[in-house]
Amino acid sequence: ATRNHLDGGNEENDVKTTYQWQVRSDAGDGSRGSADSKAAKCVQYGDVVFLQNNWMDNRWLSGSRGSEGNGVATRNHLDGGNEENDVKTTYQWQVRSDAGDGSRGSADSKAAKCVQYGDVVFLQNNWMDNRWLSGSRGSEGNGVATRNHLD
């Protein structure tokens with residue numbers, strides 16, 4: 001869900017680390033804050049990243065879930081079973097400056113350039129073509145989904 005982190009109450013004070021994501025070049029060992037193999041390097045357009053939630057260990061953002069590939073969840077990518085072996089690319093997100101042509105791994109117009117603070121990015125899920133992270137969905141703007149941006 002997308003919510004108001006600055007609500008002055010529960011969201012801001014009690015569950016504030018649910019809003020924090022560690023950008024990783026690999027899944028790491030599952031513990032929050034564990035060292036990344038590309039630490040101190042910039043994230044570049046075209047890179048594939050993992051987004052690990054800072055609320056609890058062993059939770060990464062996963063997209064293209066469900067029968068239509070629209071679902072988004074945080075799950076244990078390193079579960080030793082289905083999540084780690086069968087659906088592992090649902091946890092991978094390509095950082096893009098544009099939507100590209102919809103196919104996973106398609107070239108980005110700013111490939112190999114560092115993402116700068118203030119840049120607007122697309123996050124394309126690596127499980128299936130034509131799925132990008134989309135927020136503020138639904139009547140109250142709380143929904144998150146992976147949808148076909150080019151539809």
# chains A, B, ... in the order shown; residues from 1 in each chain; ligands from 1

$ residues_around --residues "region 38-48 of chain A" --least-positions-apart "2" --cutoff "12 Å" --atoms "only C-alpha atoms" --output "PyMOL selection string"
chain A and resi 22-28+33-36+50-51+89-100+104-117+119-127

$ residues_around --residues "Asp151 (chain A)" --least-positions-apart "4" --cutoff "10 Å" --atoms "only C-alpha atoms" --output "mmCIF file with C-alpha atoms, in the first residue's frame"
data_model
loop_
_atom_site.group_PDB
_atom_site.id
_atom_site.type_symbol
_atom_site.label_atom_id
_atom_site.label_comp_id
_atom_site.auth_asym_id
_atom_site.auth_seq_id
_atom_site.Cartn_x
_atom_site.Cartn_y
_atom_site.Cartn_z
ATOM 1 C CA GLY A 102 8.385 -2.965 -22.726
ATOM 2 C CA ASN A 130 5.477 -4.864 -19.813
ATOM 3 C CA ARG A 147 0.995 -2.803 -14.687
#

$ select_by_dssp --residues "region 2-135 of chain A" --states "alpha helix (DSSP H)" --output "PyMOL selection string"
chain A and resi 10-13+82-85

$ write_last_selection --atoms "all heavy atoms" --output "PDB file, in the first residue's frame"
ATOM      1  N   ASN A  10       0.809   6.846  13.836  1.00  0.00           N
ATOM      2  CA  ASN A  10       1.341   5.504  13.689  1.00  0.00           C
ATOM      3  C   ASN A  10       2.308   5.367  12.515  1.00  0.00           C
ATOM      4  O   ASN A  10       3.397   4.813  12.665  1.00  0.00           O
ATOM      5  CB  ASN A  10       0.188   4.508  13.532  1.00  0.00           C
ATOM      6  CG  ASN A  10       0.665   3.080  13.429  1.00  0.00           C
ATOM      7  OD1 ASN A  10       1.286   2.565  14.345  1.00  0.00           O
ATOM      8  ND2 ASN A  10       0.388   2.452  12.307  1.00  0.00           N
ATOM      9  N   GLU A  11       1.913   5.842  11.337  1.00  0.00           N
ATOM     10  CA  GLU A  11       2.749   5.673  10.145  1.00  0.00           C
ATOM     11  C   GLU A  11       4.106   6.366  10.307  1.00  0.00           C
ATOM     12  O   GLU A  11       5.133   5.847   9.908  1.00  0.00           O
ATOM     13  CB  GLU A  11       2.030   6.193   8.897  1.00  0.00           C
ATOM     14  CG  GLU A  11       0.747   5.479   8.570  1.00  0.00           C
ATOM     15  CD  GLU A  11       0.907   3.994   8.319  1.00  0.00           C
ATOM     16  OE1 GLU A  11       1.828   3.594   7.592  1.00  0.00           O
ATOM     17  OE2 GLU A  11       0.091   3.220   8.842  1.00  0.00           O
ATOM     18  N   GLU A  12       4.105   7.527  10.881  1.00  0.00           N
ATOM     19  CA  GLU A  12       5.343   8.306  11.031  1.00  0.00           C
ATOM     20  C   GLU A  12       6.184   7.857  12.215  1.00  0.00           C
ATOM     21  O   GLU A  12       7.413   7.885  12.165  1.00  0.00           O
ATOM     22  CB  GLU A  12       4.998   9.784  11.183  1.00  0.00           C
ATOM     23  CG  GLU A  12       6.209  10.695  11.186  1.00  0.00           C
ATOM     24  CD  GLU A  12       5.840  12.162  11.148  1.00  0.00           C
ATOM     25  OE1 GLU A  12       4.642  12.500  11.096  1.00  0.00           O
ATOM     26  OE2 GLU A  12       6.764  12.973  11.156  1.00  0.00           O
ATOM     27  N   ASN A  13       5.537   7.435  13.286  1.00  0.00           N
ATOM     28  CA  ASN A  13       6.265   7.163  14.518  1.00  0.00           C
ATOM     29  C   ASN A  13       6.491   5.681  14.811  1.00  0.00           C
ATOM     30  O   ASN A  13       7.564   5.307  15.272  1.00  0.00           O
ATOM     31  CB  ASN A  13       5.536   7.807  15.700  1.00  0.00           C
ATOM     32  CG  ASN A  13       5.449   9.305  15.540  1.00  0.00           C
ATOM     33  OD1 ASN A  13       6.437   9.965  15.295  1.00  0.00           O
ATOM     34  ND2 ASN A  13       4.236   9.846  15.639  1.00  0.00           N
ATOM     35  N   ASN A  82      10.409 -21.944  -3.360  1.00  0.00           N
ATOM     36  CA  ASN A  82       9.764 -21.310  -4.507  1.00  0.00           C
ATOM     37  C   ASN A  82      10.247 -19.883  -4.755  1.00  0.00           C
ATOM     38  O   ASN A  82      10.582 -19.520  -5.884  1.00  0.00           O
ATOM     39  CB  ASN A  82       8.240 -21.315  -4.309  1.00  0.00           C
ATOM     40  CG  ASN A  82       7.509 -20.727  -5.490  1.00  0.00           C
ATOM     41  OD1 ASN A  82       7.588 -21.233  -6.600  1.00  0.00           O
ATOM     42  ND2 ASN A  82       6.777 -19.650  -5.242  1.00  0.00           N
ATOM     43  N   GLU A  83      10.272 -19.063  -3.724  1.00  0.00           N
ATOM     44  CA  GLU A  83      10.638 -17.650  -3.898  1.00  0.00           C
ATOM     45  C   GLU A  83      12.084 -17.499  -4.386  1.00  0.00           C
ATOM     46  O   GLU A  83      12.373 -16.657  -5.226  1.00  0.00           O
ATOM     47  CB  GLU A  83      10.444 -16.868  -2.601  1.00  0.00           C
ATOM     48  CG  GLU A  83       9.016 -16.856  -2.098  1.00  0.00           C
ATOM     49  CD  GLU A  83       8.016 -16.227  -3.054  1.00  0.00           C
ATOM     50  OE1 GLU A  83       8.293 -15.159  -3.608  1.00  0.00           O
ATOM     51  OE2 GLU A  83       6.943 -16.824  -3.252  1.00  0.00           O
ATOM     52  N   GLU A  84      12.966 -18.295  -3.873  1.00  0.00           N
ATOM     53  CA  GLU A  84      14.387 -18.195  -4.234  1.00  0.00           C
ATOM     54  C   GLU A  84      14.700 -18.872  -5.560  1.00  0.00           C
ATOM     55  O   GLU A  84      15.567 -18.415  -6.307  1.00  0.00           O
ATOM     56  CB  GLU A  84      15.242 -18.816  -3.123  1.00  0.00           C
ATOM     57  CG  GLU A  84      16.728 -18.614  -3.317  1.00  0.00           C
ATOM     58  CD  GLU A  84      17.540 -19.027  -2.104  1.00  0.00           C
ATOM     59  OE1 GLU A  84      16.959 -19.453  -1.084  1.00  0.00           O
ATOM     60  OE2 GLU A  84      18.762 -18.923  -2.175  1.00  0.00           O
ATOM     61  N   ASN A  85      14.001 -19.949  -5.861  1.00  0.00           N
ATOM     62  CA  ASN A  85      14.372 -20.752  -7.025  1.00  0.00           C
ATOM     63  C   ASN A  85      13.460 -20.582  -8.237  1.00  0.00           C
ATOM     64  O   ASN A  85      13.935 -20.531  -9.362  1.00  0.00           O
ATOM     65  CB  ASN A  85      14.424 -22.228  -6.627  1.00  0.00           C
ATOM     66  CG  ASN A  85      15.431 -22.479  -5.534  1.00  0.00           C
ATOM     67  OD1 ASN A  85      16.568 -22.052  -5.635  1.00  0.00           O
ATOM     68  ND2 ASN A  85      15.013 -23.133  -4.471  1.00  0.00           N
TER      69      ASN A  85
END

$ closest_residue --among "A:Val15, A:Met56, A:Leu133, A:Leu150" --to "Asn70 (chain A)" --atoms "only C-alpha atoms"
A:Leu133

$ atom_distance --atom1 "CA of Glu140 (chain A)" --atom2 "CA of Tyr19 (chain A)"
18.1 Å
